[in-house]
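Down below is the structure, laid out as structure tokens.
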Amino acid sequence: MDVAPSDEQRRLVESFTALFGDASPPSRVRAAEPLGFDPALWETVRSAGIVAMAVGEADGGWGAEPLDLALVAEVQGRFLAPVPIVEAQVAARLLARLRTPRAASALAAALAGERTVTMAVHPSREGVARLVPAGAVADDVLVMDGGRLLLVPSGGDHGQVENLGAMPLADLRLGPDAEVLADGPGAEAAYETALDEFLLLTAAAQVGIAARAVEIGVGYVKQRRAFGVPIGSFQSIGHALADSATAVDGARLLTYEAAWAHGTEPGRFAELAAMAFAFATETAREATYRSLHFHGGYGFTDEYDIQLYYRRARAWAAVCLEPRAAYRRAADHRYSAVRTAAPMEEQWTSA
Amino acid sequence: MDVAPSDEQRRLVESFTALFGDASPPSRVRAAEPLGFDPALWETVRSAGIVAMAVGEADGGWGAEPLDLALVAEVQGRFLAPVPIVEAQVAARLLARLRTPRAASALAAALAGERTVTMAVHPSREGVARLVPAGAVADDVLVMDGGRLLLVPSGGDHGQVENLGAMPLADLRLGPDAEVLADGPGAEAAYETALDEFLLLTAAAQVGIAARAVEIGVGYVKQRRAFGVPIGSFQSIGHALADSATAVDGARLLTYEAAWAHGTEPGRFAELAAMAFAFATETAREATYRSLHFHGGYGFTDEYDIQLYYRRARAWAAVCLEPRAAYRRAADHRYSAVRTAAPMEEQWTSA
Amino acid sequence: MDFGIGERGQALRAEVRAFLKEHLTDELAERCHRTGVAHDDAFVRAMHEAGLLALGWPEEWGGRPCDPLGLSVVEEELSKAEAPTYGVSTTHMVARAILRCGNDRQRAEIIPRAVRGEILIVLGFTEPECGSDLAAARTRAVRDGDEWVINGSKMFTTNAHIGDYVFLLARTGTTSKHEGLTVFLVPADQPGIEAQAVRTISGERTNITYYRDARVHDDWRIGDVGGGWRVLGEALQEEHSVGFGASMLRLLEAAEGWARTARGNSGRPRITDPDVRERLGRCAAEAEVSLLLQRRAAAMAGQGVVPVAEGPMAKLFSSEALTRAAEDLFDLLGPDALRGHLSPGAPEGGRVEHALRFSLGTTIYGGTSEIQRGIIARRGLGLPR
Amino acid sequence: MDFGIGERGQALRAEVRAFLKEHLTDELAERCHRTGVAHDDAFVRAMHEAGLLALGWPEEWGGRPCDPLGLSVVEEELSKAEAPTYGVSTTHMVARAILRCGNDRQRAEIIPRAVRGEILIVLGFTEPECGSDLAAARTRAVRDGDEWVINGSKMFTTNAHIGDYVFLLARTGTTSKHEGLTVFLVPADQPGIEAQAVRTISGERTNITYYRDARVHDDWRIGDVGGGWRVLGEALQEEHSVGFGASMLRLLEAAEGWARTARGNSGRPRITDPDVRERLGRCAAEAEVSLLLQRRAAAMAGQGVVPVAEGPMAKLFSSEALTRAAEDLFDLLGPDALRGHLSPGAPEGGRVEHALRFSLGTTIYGGTSEIQRGIIARRGLGLPR
């Protein structure tokens with residue numbers, strides 16, 4: 001048990017903290033709304049190797065571990081950086097996993113910065129991939145469609161969806177130019193692993209959101225006074241922030257444990273990733289709510305940053321799964337020998 | 001809208017408050033453990049007409065309204081009176097509803113005080129009615145068995161079950177002396193209504209438990225001092241008790257609204273009874289937990305009364321349904337036109 | 001006991017529903033949503049013409065008899081429909097305070113116009129630096145002959161940009177925190193007052209207002225110099241049936257509408273899922289409890305009893321329940337819940353998403369949940385401060 | 001980062017499991033459950049013989065090297081199995097305090113016997129009137145020649161009826177609340193001390209102890225006169241890995257066992273229900289988080305860092321999570337959950353019912369959740385008092 005990042009990991013975190021600190025202050029995050037995408041920042045992080053780091057050296061990447069990706073995602077969450085890092089990384093890893101010529105060429109284009117590739121996190125229905133993360137700004141989308149994994153060029157028509165979290169979501173109609181990359185159980189398995197990775201990295205981003213929300217709340221209640229004292233001295237505030245700070249630490253440990261398991265205890269990875277996603281999502285939700293609430297009336301004004309965190313905590317998670325469904329998914333992996341009786345609707349069941 | 005009891009209802013509450021105040025102080029409640037039955041008190045309340053009040057005058061009773069029964073159940077909850085009032089009342093009303101000669105004679109025996117009749121709140125399985133409330137002290141038990149409603153004499157062998165709430169529960173094997181009272185849809189409907197009434201009166205008892213738990217907690221934290229002040233001055237304590245006091249008032253209003261609907265808006269009765277049960281159960285659970293917790297170490301010692309309330313809040317509800325299942329039951333009535341897709345196990349589904 | 005709203009309540013409800021059906025058009029609702037302004041002159045005029053504004057006012061002031069319970073039935077309908085009546089409610093709140101604490105001339109000038117919906121009065125209580133601690137107000141009024149000169153700023157003065165008067169709490173003395181306060185009815189249309197828009201997460205527009213040598217005649221001082229805290233107490237006291245039970249019903253109906261029409265992979269409507277039912281059942285129960293607590297407080301007020309703890313209970317429970325329900329039903333809807341009002345595929349026009357945003361303010365304004373719990377603890381349960 | 005417990009941890013875990021398999025017999029577990037006493041002389045002797053008691057003690061004291069993380073792995077196994085080691089833990093806590101604050105003679109007399117499990121030391125901190133406010137202790141020690149005479153009472157002195165010594169916090173001065181306190185190691189076997197059983201909702205037996213002219217030689221004063229608060233702080237500081245993650249695992253395994261075997265009306269095992277899975281999944285996640293927080297605090301201690309806020313986080317989270325999980329899984333089991341340990345049909349021997357009872361104390365003893373939140377808020381987040 002060693003919860004400290006390595007020196008290399010520490011440098012990674014420092015460099016992205018510096019990068020986002022400069023390039024993704026709250027003013028830029030606001031300016032990128034409602035689309036939720038900052039092209040200049042995307043160019044910057046892509047040049048810094050954000051996609052390349054996610055795939056192995058054999059595939060033309062840098063071969064960073066999931067743990068490294070999670071560290072970066074946490075920093076992204078802290079700064080709410082409006083760029084599709086998680087989407088592009090997971091999509092690139094999925095392409096690499098397919099080991100087909102077309103997938104390799106799509107991956108090469110992504111690594112070269114020629115095309116931004118994302119993935120739909122729900123199978124298509126009736127020829128439409130709905131609410132695709134980064135779908136409104138991507139060039140290509142990986143879509144699971146009736147057991148086949150497709151590569152779908154998004155074309156000019158992005159079908160952007162106005163949404164709570166100012167995410168660049170799109171409803172994507174699968175046109176005739178969609179190409180089949182893979183099908184059968186192998187495609188399903190590769191896609192499932194990509195979903196697990198998406199959950200893991202979203203969990204890490206939620207940890208960053210939650211941690212920053214607690215910091216913002218603590219800063220505010222130390223300085224704000226009422227009834228002659230700083231409001232942070234009231235138990236109703238201090239105790240709630242203590243609970244959130246505790247949950248943030250727990251969510252972080254669980255998320256990094258899941259990332260660590262990816263390589264070290266692969267049999268536990270999917271279960272832990274779903275748990276981390278559920279727990280981190282609940283943690284971020286509560287931390288952002290509390291922090292916003294303790295701002296009093298200011299909390300729900302657009303001027304204060306906490307509302308940015310409140311909205312993204314919910315949206316970045318909701319695009320995948322609600323926490324109850326994520327706990328069910330964790331159980332599906334934990335009890336994989338026992339099939340569910342009645343799979344819940346709209347749930348990613350693995351059983 | 002008038003939430004005040006009538007003069008007659010007020011007198012009813014006063015008389016049972018006086019009765020239980022004398023005859024069911026915490027010392028008697030403790031002395032009645034582990035069986036959870038005080039024969040002398042049962043004789044007293046039965047002589048006072050506790051069973052007779054529950055059935056109509058045409059059936060030899062006094063014709064009290066469900067609202068009156070709920071008021072008495074709340075008082076019983078406040079004093080944790082170890083007598084099967086709700087069980088005997090609901091069973092008597094079920095017998096009256098059947099309108100058959102054998103049911104009438106069983107009811108007459110109950111009203112005459114010759115036999116204590118209770119009912120199983122879950123259908124039998126494999127020839128056993130399990131965890132029958134008051135089953136360990138009753139003479140006869142009404143059991144739903146494969147669509148037939150049976151009258152089962154409990155015989156000498158009560159099969160008492162040691163349990164969290166010191167309730168006189170029993171597992172009852174259906175012997176050859178079980179008599180069929182009714183069958184078919186009529187029997188099912190009568191039994192379902194009895195279950196609704198059981199939920200209603202249990203909700204009222206939970207309101208009494210919760211209200212008393214808040215009082216005990218408030219009394220304790222006003223008097224107990226730490227760090228130089230009464231602990232009731234800490235927000236962590238005062239705010240939690242304020243939430244519980246609020247929930248108690250809400251649970252009481254909802255319960256009496258359900259009782260009122262029994263006669264006035266019968267189409268809403270079953271839905272409201274299930275809601276009241278769920279909400280009052282959650283309220284009593286939280287109120288007893290908080291009150292116990294704010295006693296510090298004393299809370300979980302046998303010497304303090306709050307643990308008596310903590311255990312019964314959970315047990316009196318658990319014998320029927322957990323709150324989640326009760327909310328589903330409420331929804332089943334609310335959306336009765338739409339059948340459920342997959343009825344949950346161990347749930348009283350009406351759909 | 002009687003949990004019905006009675007024939008009179010039923011009739012009132014029907015009357016309000018019919019009114020809303022006619023006057024709260026889709027176009028008006030859309031405009032309110034888009035501008036974030038919950039006031040519309042034409043709508044208020046129509047309410048006046050329909051006799052709805054006069055409800056509960058004494059007949060000598062042109063009122064139409066209605067007990068607090070009846071008023072709460074009306075409030076529920078307006079609130080459930082999201083009718084643009086926020087301006088009416090602040091105007092009437094101030095008019096009621098003037099009825100109790102004003103002088104004859106003030107009453108004669110303000111009340112009839114308030115009852116007819118001809119004026120819009122906005123609230124200038126809280127300040128950028130004081131939040132829930134209203135008595136810490138620092139906006140200063142200094143006597144200058146027959147007038148007072150006002151300098152300072154007020155936060156969350158909703159409708160300040162369209163209001164006729166500000167009901168302003170100002171510091172006129174330094175003797176003590178609570179006794180140095182005075183209340184004025186300040187004409188809004190003067191150069192010394194500037195309203196700056198403040199946008200909120202729910203899309204509602206509120207304002208910060210700046211007072212730079214703004215002026216008000218001493219005739220428009222409400223109550224005594226130094227008596228402002230008492231006047232404010234009277235004004236807030238009159239708000240008996242504050243609560244969000246009707247907002248919960250609105251949310252619930254949206255979620256039910258979604259559950260009846262959205263279909264899962266199996267093709268069955270989602271309302272057939274036990275999980276969906278459980279969550280709708282809980283929301284329905286908590287909406288019912290919210291309404292019961294609100295109506296109880298109103299019924300007490302109707303009997304002349306001040307619901308000291310019962311009013312805060314209704315506000316506390318209903319706002320917290322709304323917040324919980326909005327989170328839970330937002331989850332329940334799955335990814336589609338994310339779609340905002342303007343997104344074509346938004347379930348039920350994005351009402352659940354909007355409820356989530358809207359719920360945030362409810363546990364804050366009109367006294368935070370923490371303030372309400374403190375009142376219940378001290379005045380309801382007798383706990384020491 | 002590394003989230004494994006390492007080969008050394010695996011080996012330790014295997015060693016403890018093998019030990020428990022042999023020595024924690026059903027008969028012993030049943031006796032502990034029935035008597036409510038979590039101490040057994042023979043079991044402790046066996047632990048000593050197996051080398052488990054010496055873990056983590058310095059080798060000069062007969063110890064066997066083990067870092068705090070290893071100790072927490074051992075603690076997890078003992079706790080998950082509900083091994084009767086409460087007496088060992090109080091004895092060793094006091095022995096560690098004596099190692100830091102005692103004199104040579106005290107160390108020489110106490111530590112070897114503690115490491116070998118030959119003595120049982122119990123805690124006399126809290127009092128009937130002071131609860132969490134330990135410094136308000138009123139039990140008085142008055143100097144009488146070479147001895148001190150003790151009068152007063154102590155609450156929650158578990159194992160007092162079988163202990164050899166009480167580690168007693170007493171008031172020896174009146175100068176100030178905190179500086180008037182002194183700690184003594186008082187021989188329990190004397191007429192001036194009476195232990196009265198106090199039964200608890202979980203079946204555990206604790207005691208109230210009365211001191212009527214009880215005596216202790218000044219040689220058994222630990223630390224300075226008036227230095228008791230510091231000694232107490234050192235003793236409590238040493239408790240790094242307090243937490244209930246392993247208790248959650250025990251509860252979870254019971255619920256899983258039930259879910260795999262119990263069948264619904266359909267005949268399918270309950271674990272196939274999505275609702276059952278969701279709730280087990282949540283409990284498993286929170287158990288994992290509890291263990292991670294505990295191990296992190298232990299790992300920090302292993303690196304010589306005092307986990308000032310991290311220790312309280314582990315205690316707070318794991319006890320609250322256990323309490324939530326016990327309520328939720330109790331519900332999940334349905335009516336059968338009610339059956340107590342002695343009832344024939346009790347699911348998994350009534351473990352879920354027992355967890356519900358057991359959970360209640362965990363948010364109280366060793367510092368209530370409120371105390372932990374206060375520490376985290378002030379020392380972790382820097383919030384003002």
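Letters A, B, ... mark the chains of the structure tokens in the order given; residue numbers begin at 1 per chain; ligand numbers begin at 1, in order shown.
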
message: Give me, as a PyMOL selection string, the residues of chain A touching chain B, with the criterion being at most 9 Å (counting only C-alpha atoms).
response: chain A and resi 234-236+239+342

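Those residues in segment 173-297 of chain A carrying a DSSP assignment of strand (DSSP E or B), computed from the backbone, are Arg173, Glu179, Val180, Leu181, Ala182, Asp183, Arg225, Ala226, Val229 and Pro230 of chain A.
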
task: Compute the chain A side of the contact with chain D at 6 Å, counting only C-alpha atoms, and hand it back as number ranges by chain.
output: A: 1-5, 232-233, 238-239, 242, 246, 250, 257, 275, 327-328, 330-331, 340-341

Could you turn the residues from that selection into a file that holds N, CA and C atoms, as a JSON list (two decimals), in the first residue's frame?
[["chain", "number", "residue", "atom", "x", "y", "z"],
["A", 1, "MET", "N", 0.85, -1.19, 0.00],
["A", 1, "MET", "CA", 0.00, 0.00, 0.00],
["A", 1, "MET", "C", 0.88, 1.23, 0.00],
["A", 2, "ASP", "N", 0.77, 1.97, -1.07],
["A", 2, "ASP", "CA", 1.50, 3.23, -1.14],
["A", 2, "ASP", "C", 0.65, 4.18, -1.98],
["A", 3, "VAL", "N", 0.08, 5.16, -1.32],
["A", 3, "VAL", "CA", -0.88, 6.01, -2.01],
["A", 3, "VAL", "C", -0.22, 7.25, -2.63],
["A", 4, "ALA", "N", 1.09, 7.35, -2.48],
["A", 4, "ALA", "CA", 1.76, 8.52, -3.04],
["A", 4, "ALA", "C", 2.09, 8.27, -4.50],
["A", 5, "PRO", "N", 1.87, 9.26, -5.37],
["A", 5, "PRO", "CA", 2.27, 9.10, -6.77],
["A", 5, "PRO", "C", 3.79, 9.04, -6.87],
["A", 232, "GLY", "N", -17.97, 29.48, 8.52],
["A", 232, "GLY", "CA", -17.30, 28.18, 8.63],
["A", 232, "GLY", "C", -17.19, 27.68, 10.06],
["A", 233, "SER", "N", -17.49, 28.54, 11.03],
["A", 233, "SER", "CA", -17.46, 28.09, 12.42],
["A", 233, "SER", "C", -18.76, 27.42, 12.84],
["A", 238, "GLY", "N", -19.41, 23.25, 8.90],
["A", 238, "GLY", "CA", -18.12, 22.57, 9.07],
["A", 238, "GLY", "C", -18.25, 21.05, 9.01],
["A", 239, "HIS", "N", -19.31, 20.52, 9.65],
["A", 239, "HIS", "CA", -19.45, 19.07, 9.68],
["A", 239, "HIS", "C", -19.78, 18.52, 8.29],
["A", 242, "ALA", "N", -16.69, 18.51, 6.29],
["A", 242, "ALA", "CA", -15.80, 17.43, 6.76],
["A", 242, "ALA", "C", -16.25, 16.10, 6.14],
["A", 246, "THR", "N", -13.98, 13.93, 3.48],
["A", 246, "THR", "CA", -13.72, 12.50, 3.73],
["A", 246, "THR", "C", -14.11, 11.67, 2.51],
["A", 250, "GLY", "N", -11.89, 9.26, 0.03],
["A", 250, "GLY", "CA", -12.29, 7.88, -0.23],
["A", 250, "GLY", "C", -12.49, 7.62, -1.71],
["A", 257, "GLU", "N", -7.30, 2.93, -6.91],
["A", 257, "GLU", "CA", -7.21, 1.47, -6.75],
["A", 257, "GLU", "C", -7.74, 0.77, -8.00],
["A", 275, "MET", "N", -17.66, 0.75, -9.32],
["A", 275, "MET", "CA", -17.79, 1.25, -7.94],
["A", 275, "MET", "C", -17.23, 2.66, -7.83],
["A", 327, "TYR", "N", -23.82, 0.92, -9.46],
["A", 327, "TYR", "CA", -23.66, -0.10, -8.41],
["A", 327, "TYR", "C", -24.15, -1.46, -8.91],
["A", 328, "ARG", "N", -25.22, -1.45, -9.69],
["A", 328, "ARG", "CA", -25.69, -2.73, -10.26],
["A", 328, "ARG", "C", -24.64, -3.30, -11.21],
["A", 330, "ALA", "N", -21.43, -2.84, -11.01],
["A", 330, "ALA", "CA", -20.36, -3.38, -10.16],
["A", 330, "ALA", "C", -20.75, -4.77, -9.66],
["A", 331, "ALA", "N", -22.00, -4.90, -9.24],
["A", 331, "ALA", "CA", -22.46, -6.20, -8.74],
["A", 331, "ALA", "C", -22.49, -7.23, -9.85],
["A", 340, "THR", "N", -28.42, -12.00, -13.89],
["A", 340, "THR", "CA", -29.56, -11.27, -13.32],
["A", 340, "THR", "C", -30.85, -11.88, -13.83],
["A", 341, "ALA", "N", -31.88, -11.75, -13.02],
["A", 341, "ALA", "CA", -33.20, -12.25, -13.39],
["A", 341, "ALA", "C", -33.85, -11.30, -14.37]]

Non-local contacts of segment 89-105 of chain A (6 Å; only C-alpha atoms; under 6 positions in same chain excluded) as a PDB file with all heavy atoms, in the first residue's frame:
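So out_4.pdb came out as:
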ATOM      1  N   VAL A  51      -3.479  12.356 -26.482  1.00  0.00           N
ATOM      2  CA  VAL A  51      -4.025  11.129 -27.072  1.00  0.00           C
ATOM      3  C   VAL A  51      -2.939  10.058 -27.137  1.00  0.00           C
ATOM      4  O   VAL A  51      -3.166   8.898 -26.788  1.00  0.00           O
ATOM      5  CB  VAL A  51      -4.616  11.402 -28.469  1.00  0.00           C
ATOM      6  CG1 VAL A  51      -5.271  10.134 -29.021  1.00  0.00           C
ATOM      7  CG2 VAL A  51      -5.637  12.540 -28.423  1.00  0.00           C
ATOM      8  N   ALA A  54      -2.127   7.748 -24.274  1.00  0.00           N
ATOM      9  CA  ALA A  54      -3.104   6.750 -23.858  1.00  0.00           C
ATOM     10  C   ALA A  54      -2.922   5.391 -24.511  1.00  0.00           C
ATOM     11  O   ALA A  54      -3.489   4.404 -24.047  1.00  0.00           O
ATOM     12  CB  ALA A  54      -4.525   7.276 -24.130  1.00  0.00           C
ATOM     13  N   VAL A  55      -2.162   5.335 -25.606  1.00  0.00           N
ATOM     14  CA  VAL A  55      -1.997   4.035 -26.265  1.00  0.00           C
ATOM     15  C   VAL A  55      -0.559   3.560 -26.188  1.00  0.00           C
ATOM     16  O   VAL A  55       0.367   4.343 -25.987  1.00  0.00           O
ATOM     17  CB  VAL A  55      -2.483   4.061 -27.748  1.00  0.00           C
ATOM     18  CG1 VAL A  55      -3.981   4.234 -27.826  1.00  0.00           C
ATOM     19  CG2 VAL A  55      -1.774   5.143 -28.525  1.00  0.00           C
ATOM     20  N   THR A 118     -14.122  10.069 -30.964  1.00  0.00           N
ATOM     21  CA  THR A 118     -14.774   9.853 -29.669  1.00  0.00           C
ATOM     22  C   THR A 118     -15.565   8.556 -29.755  1.00  0.00           C
ATOM     23  O   THR A 118     -15.493   7.833 -30.758  1.00  0.00           O
ATOM     24  CB  THR A 118     -15.701  11.040 -29.312  1.00  0.00           C
ATOM     25  OG1 THR A 118     -16.239  10.831 -28.002  1.00  0.00           O
ATOM     26  CG2 THR A 118     -16.864  11.158 -30.297  1.00  0.00           C
ATOM     27  N   MET A 119     -16.303   8.238 -28.696  1.00  0.00           N
ATOM     28  CA  MET A 119     -17.139   7.034 -28.746  1.00  0.00           C
ATOM     29  C   MET A 119     -18.491   7.303 -28.113  1.00  0.00           C
ATOM     30  O   MET A 119     -18.620   8.119 -27.193  1.00  0.00           O
ATOM     31  CB  MET A 119     -16.451   5.855 -28.044  1.00  0.00           C
ATOM     32  CG  MET A 119     -16.313   6.021 -26.554  1.00  0.00           C
ATOM     33  SD  MET A 119     -15.504   4.580 -25.779  1.00  0.00           S
ATOM     34  CE  MET A 119     -16.923   3.522 -25.484  1.00  0.00           C
ATOM     35  N   ALA A 194     -13.805  -0.641 -23.027  1.00  0.00           N
ATOM     36  CA  ALA A 194     -13.758   0.811 -23.242  1.00  0.00           C
ATOM     37  C   ALA A 194     -14.748   1.511 -22.305  1.00  0.00           C
ATOM     38  O   ALA A 194     -14.440   2.571 -21.736  1.00  0.00           O
ATOM     39  CB  ALA A 194     -14.070   1.140 -24.701  1.00  0.00           C
TER      40      ALA A 194
END

- request: Using DSSP on the backbone, list every residue of segment 232-333 of chain D that comes out as alpha helix (DSSP H), and give them as a ChimeraX atom specification.
  value: /D:232-237,245-261,274-302,310-332

query: Can you list, as a PyMOL selection string, every protein, DNA or RNA residue that comes within 6 Å of segment 198-212 of chain D when you count only C-alpha atoms, leaving out same-chain residues fewer than 5 positions away?
result: (chain B and resi 300-302) or (chain D and resi 36-37+151-158+192-193+357-358)

message: I'd like the neighbourhood of segment 287-290 of chain A as a VMD selection string, where a residue qualifies if any of its atoms comes within 10 Å (using only C-alpha atoms), though same-chain residues fewer than 3 positions away should be ignored.
response: (chain A and resid 209 to 217 237 240 to 241 243 to 245 247 to 248 281 to 284 293 to 295 299 306 to 314) or (chain C and resid 323 360)
